[in-house]
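**Student:** Input file: my_file17.txt. Contents: compact mmCIF, C-alpha atoms.
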```
# COMPACT_ATOMS: atom_id res chain seq x y z
CA ASP A 17 1.55 14.34 -2.01
CA ALA A 18 0.89 15.21 -5.63
CA LYS A 19 -2.34 14.10 -7.28
CA THR A 20 -1.83 11.24 -9.72
CA THR A 21 -3.97 10.25 -12.69
CA GLN A 22 -3.96 6.71 -14.06
CA PRO A 23 -6.20 4.91 -16.55
CA ASN A 24 -8.87 2.86 -14.83
CA SER A 25 -7.92 -0.31 -16.68
CA MET A 26 -5.55 -1.76 -19.25
CA GLU A 27 -5.23 -5.10 -20.98
CA SER A 28 -2.26 -7.02 -22.24
CA ASN A 29 -1.38 -10.41 -23.65
CA GLU A 30 0.95 -12.78 -21.90
CA GLU A 31 4.65 -12.36 -22.76
CA GLU A 32 4.10 -8.92 -24.27
CA PRO A 33 5.46 -5.69 -22.75
CA VAL A 34 3.09 -3.49 -20.76
CA HIS A 35 3.41 0.26 -20.34
CA LEU A 36 1.37 1.67 -17.46
CA PRO A 37 1.18 5.48 -17.55
CA CYS A 38 0.81 7.90 -14.66
CA ASN A 39 0.40 11.68 -14.72
CA HIS A 40 1.56 13.73 -11.75
CA SER A 41 1.69 17.28 -13.07
CA THR A 42 1.81 18.93 -9.60
CA ILE A 43 4.78 16.91 -8.39
CA SER A 44 7.36 18.85 -6.40
CA GLY A 45 11.09 18.65 -6.88
CA THR A 46 11.61 16.40 -3.88
CA ASP A 47 8.67 14.04 -4.46
CA TYR A 48 9.56 10.49 -5.32
CA ILE A 49 7.47 8.37 -7.68
CA HIS A 50 6.49 5.02 -6.24
CA TRP A 51 4.68 2.08 -7.75
CA TYR A 52 2.93 -0.62 -5.80
CA ARG A 53 0.71 -3.40 -7.05
CA GLN A 54 -2.03 -5.37 -5.38
CA LEU A 55 -2.79 -8.89 -6.51
CA PRO A 56 -6.32 -10.19 -5.89
CA SER A 57 -7.06 -10.73 -2.18
CA GLN A 58 -3.54 -9.70 -1.13
CA GLY A 59 -1.88 -6.70 0.41
CA PRO A 60 -0.03 -4.20 -1.78
CA GLU A 61 3.45 -5.12 -2.93
CA TYR A 62 6.28 -2.66 -3.60
CA VAL A 63 7.36 -2.58 -7.23
CA ILE A 64 9.78 0.28 -7.80
CA HIS A 65 10.49 3.92 -7.02
CA GLY A 66 12.53 6.74 -8.52
CA LEU A 67 13.20 10.47 -8.40
CA THR A 68 14.57 11.77 -11.67
CA SER A 69 16.34 9.15 -13.73
CA ASN A 70 14.99 5.89 -15.07
CA VAL A 71 15.18 2.93 -12.72
CA ASN A 72 15.32 -0.81 -13.26
CA ASN A 73 14.89 -3.72 -10.92
CA ARG A 74 14.06 -7.38 -11.21
CA MET A 75 10.33 -6.70 -11.39
CA ALA A 76 10.01 -3.71 -13.70
CA SER A 77 11.43 -0.51 -15.12
CA LEU A 78 10.35 3.02 -14.32
CA ALA A 79 10.67 5.66 -17.02
CA ILE A 80 10.35 9.23 -15.74
CA ALA A 81 9.69 12.12 -18.10
CA GLU A 82 12.30 14.85 -18.20
CA ASP A 83 9.86 17.38 -16.69
CA ARG A 84 8.79 14.75 -14.12
CA LYS A 85 5.12 15.44 -14.79
CA SER A 86 4.54 11.87 -15.90
CA SER A 87 6.05 8.43 -15.59
CA THR A 88 5.57 4.97 -17.03
CA LEU A 89 5.90 1.61 -15.34
CA ILE A 90 7.17 -0.97 -17.79
CA LEU A 91 6.66 -4.70 -17.35
CA HIS A 92 8.93 -6.20 -19.97
CA ARG A 93 7.12 -9.51 -20.43
CA ALA A 94 3.72 -9.74 -18.78
CA THR A 95 2.74 -12.98 -17.11
CA LEU A 96 -0.62 -14.05 -15.75
CA ARG A 97 0.76 -13.39 -12.29
CA ASP A 98 1.15 -9.70 -13.18
CA ALA A 99 -2.63 -9.25 -13.28
CA ALA A 100 -3.22 -6.79 -10.46
CA VAL A 101 -4.14 -3.24 -9.55
CA TYR A 102 -1.14 -0.97 -10.06
CA TYR A 103 -0.87 2.16 -7.93
CA CYS A 104 1.28 5.15 -8.83
CA ILE A 105 2.13 7.39 -5.86
CA ALA A 106 3.94 10.71 -6.12
CA GLY A 107 5.08 12.05 -2.80
CA GLY A 108 7.80 12.39 -0.26
CA THR A 109 6.43 9.60 1.91
CA SER A 110 6.59 11.89 4.87
CA TYR A 111 6.76 9.53 7.84
CA GLY A 112 6.13 6.68 5.45
CA LYS A 113 2.62 7.79 4.56
CA LEU A 114 1.50 6.49 1.20
CA THR A 115 -1.47 8.10 -0.52
CA PHE A 116 -3.15 5.50 -2.70
CA GLY A 117 -5.49 6.48 -5.52
CA GLN A 118 -7.72 4.04 -7.37
CA GLY A 119 -4.94 2.63 -9.53
CA THR A 120 -5.01 0.81 -12.88
CA ILE A 121 -6.52 -2.64 -13.13
CA LEU A 122 -4.23 -4.68 -15.39
CA THR A 123 -5.74 -7.72 -17.09
CA VAL A 124 -3.34 -10.19 -18.73
CA HIS A 125 -4.74 -12.55 -21.34
CA PRO A 126 -3.17 -15.97 -21.97
CA ASN B 18 11.28 -14.49 7.87
CA ALA B 19 7.50 -14.57 8.13
CA GLY B 20 7.38 -10.89 7.12
CA VAL B 21 4.23 -9.06 8.22
CA THR B 22 1.55 -11.25 9.75
CA GLN B 23 -2.01 -10.27 10.61
CA THR B 24 -4.66 -12.06 12.65
CA PRO B 25 -7.46 -12.84 12.29
CA LYS B 26 -7.97 -13.19 8.54
CA PHE B 27 -11.74 -12.70 8.84
CA GLN B 28 -13.93 -11.26 11.59
CA VAL B 29 -17.62 -10.48 11.98
CA LEU B 30 -18.64 -8.07 14.72
CA LYS B 31 -21.93 -6.67 15.91
CA THR B 32 -22.34 -2.92 16.18
CA GLY B 33 -20.90 -1.68 19.46
CA GLN B 34 -18.51 -4.58 20.03
CA SER B 35 -14.81 -3.96 20.43
CA MET B 36 -11.90 -5.97 19.17
CA THR B 37 -8.18 -5.85 18.43
CA LEU B 38 -6.60 -6.59 15.08
CA GLN B 39 -3.13 -8.01 15.52
CA CYS B 40 -0.10 -7.13 13.42
CA ALA B 41 3.42 -8.42 13.87
CA GLN B 42 6.65 -8.22 11.88
CA ASP B 43 9.91 -10.08 12.35
CA MET B 44 12.15 -7.84 10.23
CA ASN B 45 13.13 -5.43 13.03
CA HIS B 46 11.40 -2.60 11.19
CA GLU B 47 11.02 0.68 13.02
CA TYR B 48 8.06 1.99 11.02
CA MET B 49 4.62 0.37 11.09
CA SER B 50 1.23 1.54 9.91
CA TRP B 51 -2.41 0.58 9.49
CA TYR B 52 -4.51 1.17 6.38
CA ARG B 53 -8.09 0.40 5.52
CA GLN B 54 -9.39 -0.40 2.06
CA ASP B 55 -13.05 -0.03 1.21
CA PRO B 56 -14.51 -1.82 -1.83
CA GLY B 57 -13.19 -0.46 -5.13
CA MET B 58 -11.02 2.14 -3.44
CA GLY B 59 -7.40 2.73 -2.63
CA LEU B 60 -5.93 2.39 0.84
CA ARG B 61 -6.30 5.08 3.48
CA LEU B 62 -3.91 5.53 6.38
CA ILE B 63 -5.42 5.10 9.87
CA HIS B 64 -2.48 5.31 12.30
CA TYR B 65 1.26 4.91 12.10
CA SER B 66 4.26 4.46 14.37
CA VAL B 67 7.87 5.51 13.79
CA GLY B 68 9.16 3.37 16.65
CA ALA B 69 8.24 1.69 19.92
CA GLY B 70 6.31 4.07 22.13
CA ILE B 71 5.60 6.57 19.32
CA THR B 72 2.33 6.66 17.39
CA ASP B 73 0.44 9.27 15.41
CA GLN B 74 -2.78 9.68 13.49
CA GLY B 75 -3.19 9.21 9.78
CA GLU B 76 -5.98 10.27 7.46
CA VAL B 77 -8.90 8.36 9.06
CA PRO B 78 -8.12 7.75 12.78
CA ASN B 79 -11.57 8.17 14.32
CA GLY B 80 -12.88 5.06 16.05
CA TYR B 81 -9.46 3.39 16.25
CA ASN B 82 -6.71 3.26 18.85
CA VAL B 83 -3.15 2.01 18.58
CA SER B 84 -0.18 1.47 20.84
CA ARG B 85 3.36 0.27 20.16
CA SER B 86 4.99 -1.30 23.19
CA THR B 87 7.46 -3.42 21.19
CA THR B 88 9.19 -3.08 17.84
CA GLU B 89 7.50 -6.24 16.57
CA ASP B 90 3.83 -5.61 17.35
CA PHE B 91 1.38 -2.90 16.37
CA PRO B 92 -2.21 -3.80 17.34
CA LEU B 93 -5.22 -1.83 16.10
CA ARG B 94 -8.18 -1.52 18.48
CA LEU B 95 -11.72 -0.84 17.41
CA LEU B 96 -13.38 0.77 20.40
CA SER B 97 -17.06 0.43 19.46
CA ALA B 98 -17.53 -1.11 16.02
CA ALA B 99 -19.81 0.58 13.51
CA PRO B 100 -21.01 -0.64 10.09
CA SER B 101 -18.91 2.14 8.50
CA GLN B 102 -15.83 0.27 9.73
CA THR B 103 -16.60 -2.70 7.50
CA SER B 104 -13.44 -2.89 5.42
CA VAL B 105 -10.24 -4.77 4.75
CA TYR B 106 -7.45 -3.73 7.08
CA PHE B 107 -3.79 -3.89 6.09
CA CYS B 108 -0.77 -3.52 8.29
CA ALA B 109 2.54 -2.41 6.78
CA SER B 110 6.11 -2.00 7.95
CA SER B 111 9.37 -0.59 6.68
CA TYR B 112 12.93 -0.25 7.94
CA SER B 113 12.35 3.39 8.82
CA ALA B 114 9.88 6.17 8.13
CA GLY B 115 12.05 7.41 5.29
CA THR B 116 12.35 4.02 3.59
CA TYR B 117 10.48 3.78 0.34
CA GLU B 118 9.84 0.05 0.29
CA GLN B 119 6.99 -0.90 2.59
CA TYR B 120 5.92 -4.47 3.28
CA PHE B 121 2.24 -5.20 3.67
CA GLY B 122 0.48 -8.00 5.50
CA PRO B 123 -2.23 -10.18 3.94
CA GLY B 124 -5.07 -8.20 5.48
CA THR B 125 -8.00 -8.73 7.86
CA ARG B 126 -11.47 -8.65 6.37
CA LEU B 127 -13.84 -7.14 8.93
CA THR B 128 -17.62 -7.04 8.67
CA VAL B 129 -19.69 -5.09 11.17
CA THR B 130 -23.40 -5.88 11.22
```
Turn this file's structure into structure tokens for me.
**Tutor:**
Amino acid sequence: DAKTTQPNSMESNEEEPVHLPCNHSTISGTDYIHWYRQLPSQGPEYVIHGLTSNVNNRMASLAIAEDRKSSTLILHRATLRDAAVYYCIAGGTSYGKLTFGQGTILTVHP
Amino acid sequence: NAGVTQTPKFQVLKTGQSMTLQCAQDMNHEYMSWYRQDPGMGLRLIHYSVGAGITDQGEVPNGYNVSRSTTEDFPLRLLSAAPSQTSVYFCASSYSAGTYEQYFGPGTRLTVT
């Protein structure tokens, strides 16, 4: 899996958009970009994944740079429930293995 | 669906004791795995299974055993507990090894004294 770099922490206000960046400059052409989040005292939760083009689902959007060396997870309207640690993973999930880094702690203010 | 369930939620062991952490899923998923998460760190893969009867080692397998006799269950055995195994343990499953969406259980918090 490619090494990923994320900010240690970010803050947002409720109902505002949040852009969580991730650098993965050593990503290979077949590596997918995955995002998981972990709410306090819970197991990780799948958010979204993509390969080359931008992706949207009910939880978030994933914007992938044209050179694929970076990506951004976008939460369109943050809620208090979105406060969590967000993990960016760049890899092929060979046999489902996920390599988690330290992630970004997102704090959402009311 | 209950999803992925883990028991117990909390456990305290003395050094040298053995125990089994239980994991079950009711989604008919082929792929299951165990991770551990130490304070302030990301998750590390212990063991995984791509189907009943097939298991393999992950990043940190020492001190742990697994078996997969059914699709639903994937227990993790600690052979002789050590303080270094104090951690939160998460079980995960997905439809197959190549599926990108994995479902995680709520975790077991283990303390070894």
**Student:** For chain A, which of B:Gln42, B:Ser110, B:Thr32, B:Ser97 is the closest residue, counting only C-alpha atoms?
**Tutor:**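 Closest to chain A of all the choices is B:Ser110.
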**Student:** What does the structure give for the distance between atom CA of A:Pro33 and atom CA of B:Gly57, in Å to one decimal?
**Tutor:** 26.2 Å
**Student:** Got a sec to pull out which chain A residues are within 12 Å of chain B, counting all atoms listed in the file, and send them as a ChimeraX atom specification?
**Tutor:** /A:24,47-67,101-121
**Student:** Would you mind exporting the chosen residues as an mmCIF file, in the coordinates of the input, restricted to C-alpha atoms?
**Tutor:**
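Below is the file that was written, part_36.cif:
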```
data_model
loop_
_atom_site.group_PDB
_atom_site.id
_atom_site.type_symbol
_atom_site.label_atom_id
_atom_site.label_comp_id
_atom_site.auth_asym_id
_atom_site.auth_seq_id
_atom_site.Cartn_x
_atom_site.Cartn_y
_atom_site.Cartn_z
ATOM 1 C CA ASN A 24 -8.870 2.860 -14.830
ATOM 2 C CA ASP A 47 8.670 14.040 -4.460
ATOM 3 C CA TYR A 48 9.560 10.490 -5.320
ATOM 4 C CA ILE A 49 7.470 8.370 -7.680
ATOM 5 C CA HIS A 50 6.490 5.020 -6.240
ATOM 6 C CA TRP A 51 4.680 2.080 -7.750
ATOM 7 C CA TYR A 52 2.930 -0.620 -5.800
ATOM 8 C CA ARG A 53 0.710 -3.400 -7.050
ATOM 9 C CA GLN A 54 -2.030 -5.370 -5.380
ATOM 10 C CA LEU A 55 -2.790 -8.890 -6.510
ATOM 11 C CA PRO A 56 -6.320 -10.190 -5.890
ATOM 12 C CA SER A 57 -7.060 -10.730 -2.180
ATOM 13 C CA GLN A 58 -3.540 -9.700 -1.130
ATOM 14 C CA GLY A 59 -1.880 -6.700 0.410
ATOM 15 C CA PRO A 60 -0.030 -4.200 -1.780
ATOM 16 C CA GLU A 61 3.450 -5.120 -2.930
ATOM 17 C CA TYR A 62 6.280 -2.660 -3.600
ATOM 18 C CA VAL A 63 7.360 -2.580 -7.230
ATOM 19 C CA ILE A 64 9.780 0.280 -7.800
ATOM 20 C CA HIS A 65 10.490 3.920 -7.020
ATOM 21 C CA GLY A 66 12.530 6.740 -8.520
ATOM 22 C CA LEU A 67 13.200 10.470 -8.400
ATOM 23 C CA VAL A 101 -4.140 -3.240 -9.550
ATOM 24 C CA TYR A 102 -1.140 -0.970 -10.060
ATOM 25 C CA TYR A 103 -0.870 2.160 -7.930
ATOM 26 C CA CYS A 104 1.280 5.150 -8.830
ATOM 27 C CA ILE A 105 2.130 7.390 -5.860
ATOM 28 C CA ALA A 106 3.940 10.710 -6.120
ATOM 29 C CA GLY A 107 5.080 12.050 -2.800
ATOM 30 C CA GLY A 108 7.800 12.390 -0.260
ATOM 31 C CA THR A 109 6.430 9.600 1.910
ATOM 32 C CA SER A 110 6.590 11.890 4.870
ATOM 33 C CA TYR A 111 6.760 9.530 7.840
ATOM 34 C CA GLY A 112 6.130 6.680 5.450
ATOM 35 C CA LYS A 113 2.620 7.790 4.560
ATOM 36 C CA LEU A 114 1.500 6.490 1.200
ATOM 37 C CA THR A 115 -1.470 8.100 -0.520
ATOM 38 C CA PHE A 116 -3.150 5.500 -2.700
ATOM 39 C CA GLY A 117 -5.490 6.480 -5.520
ATOM 40 C CA GLN A 118 -7.720 4.040 -7.370
ATOM 41 C CA GLY A 119 -4.940 2.630 -9.530
ATOM 42 C CA THR A 120 -5.010 0.810 -12.880
ATOM 43 C CA ILE A 121 -6.520 -2.640 -13.130
#
```
**Student:** Between B:Met44, B:Val129, B:Ala69, B:Leu93, which one has atoms that come closest to B:Ala19, using only C-alpha atoms?
**Tutor:**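 Between B:Met44, B:Val129, B:Ala69, B:Leu93, the residue approaching B:Ala19 most closely is B:Met44.
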**Student:** With all atoms listed in the file as the basis for distance, which of A:Leu89, A:Ala81, A:Ala18, A:Ala99 is at the shortest distance from A:Leu36?
**Tutor:**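 Smallest distance to A:Leu36 is found for A:Leu89.
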**Student:** Tell me, in Å to one decimal, how far atom CA of A:Val124 is from atom CA of A:Lys85.
**Tutor:**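 Separation between atom CA of A:Val124 and atom CA of A:Lys85: 27.3 Å.
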**Student:** Would you mind reading off the distance between atom CA of B:Arg94 and atom CA of B:Glu47, one decimal, in Å?
**Tutor:**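 Spanning atom CA of B:Arg94 to atom CA of B:Glu47 is a straight-line distance of 20.1 Å.
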**Student:** Please rebuild stretch 38-50 of chain A with N, CA and C atoms and give the result as a short mmCIF file (atom, residue, chain, number, x, y, z; two decimals), in the frame of the given file.
**Tutor:**
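Contents of selection-v4.cif, freshly written:
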```
data_model
loop_
_atom_site.label_atom_id
_atom_site.label_comp_id
_atom_site.auth_asym_id
_atom_site.auth_seq_id
_atom_site.Cartn_x
_atom_site.Cartn_y
_atom_site.Cartn_z
N CYS A 38 1.26 7.16 -15.84
CA CYS A 38 0.81 7.90 -14.66
C CYS A 38 1.15 9.37 -14.86
N ASN A 39 0.16 10.24 -14.67
CA ASN A 39 0.40 11.68 -14.72
C ASN A 39 0.44 12.23 -13.31
N HIS A 40 1.41 13.07 -13.07
CA HIS A 40 1.56 13.73 -11.75
C HIS A 40 2.09 15.14 -11.99
N SER A 41 1.25 15.96 -12.60
CA SER A 41 1.69 17.28 -13.07
C SER A 41 2.03 18.25 -11.94
N THR A 42 1.53 18.00 -10.71
CA THR A 42 1.81 18.93 -9.60
C THR A 42 2.94 18.42 -8.71
N ILE A 43 3.72 17.49 -9.19
CA ILE A 43 4.78 16.91 -8.39
C ILE A 43 5.82 17.97 -8.02
N SER A 44 6.32 17.90 -6.80
CA SER A 44 7.36 18.85 -6.40
C SER A 44 8.73 18.25 -6.67
N GLY A 45 9.74 19.10 -6.55
CA GLY A 45 11.09 18.65 -6.88
C GLY A 45 11.64 17.55 -6.01
N THR A 46 11.09 17.41 -4.80
CA THR A 46 11.61 16.40 -3.88
C THR A 46 10.70 15.18 -3.78
N ASP A 47 9.61 15.17 -4.51
CA ASP A 47 8.67 14.04 -4.46
C ASP A 47 9.22 12.86 -5.24
N TYR A 48 9.24 11.71 -4.62
CA TYR A 48 9.56 10.49 -5.32
C TYR A 48 8.32 9.92 -6.02
N ILE A 49 8.54 9.09 -7.00
CA ILE A 49 7.47 8.37 -7.68
C ILE A 49 7.59 6.90 -7.28
N HIS A 50 6.50 6.39 -6.71
CA HIS A 50 6.49 5.02 -6.24
C HIS A 50 5.44 4.24 -7.00
#
```
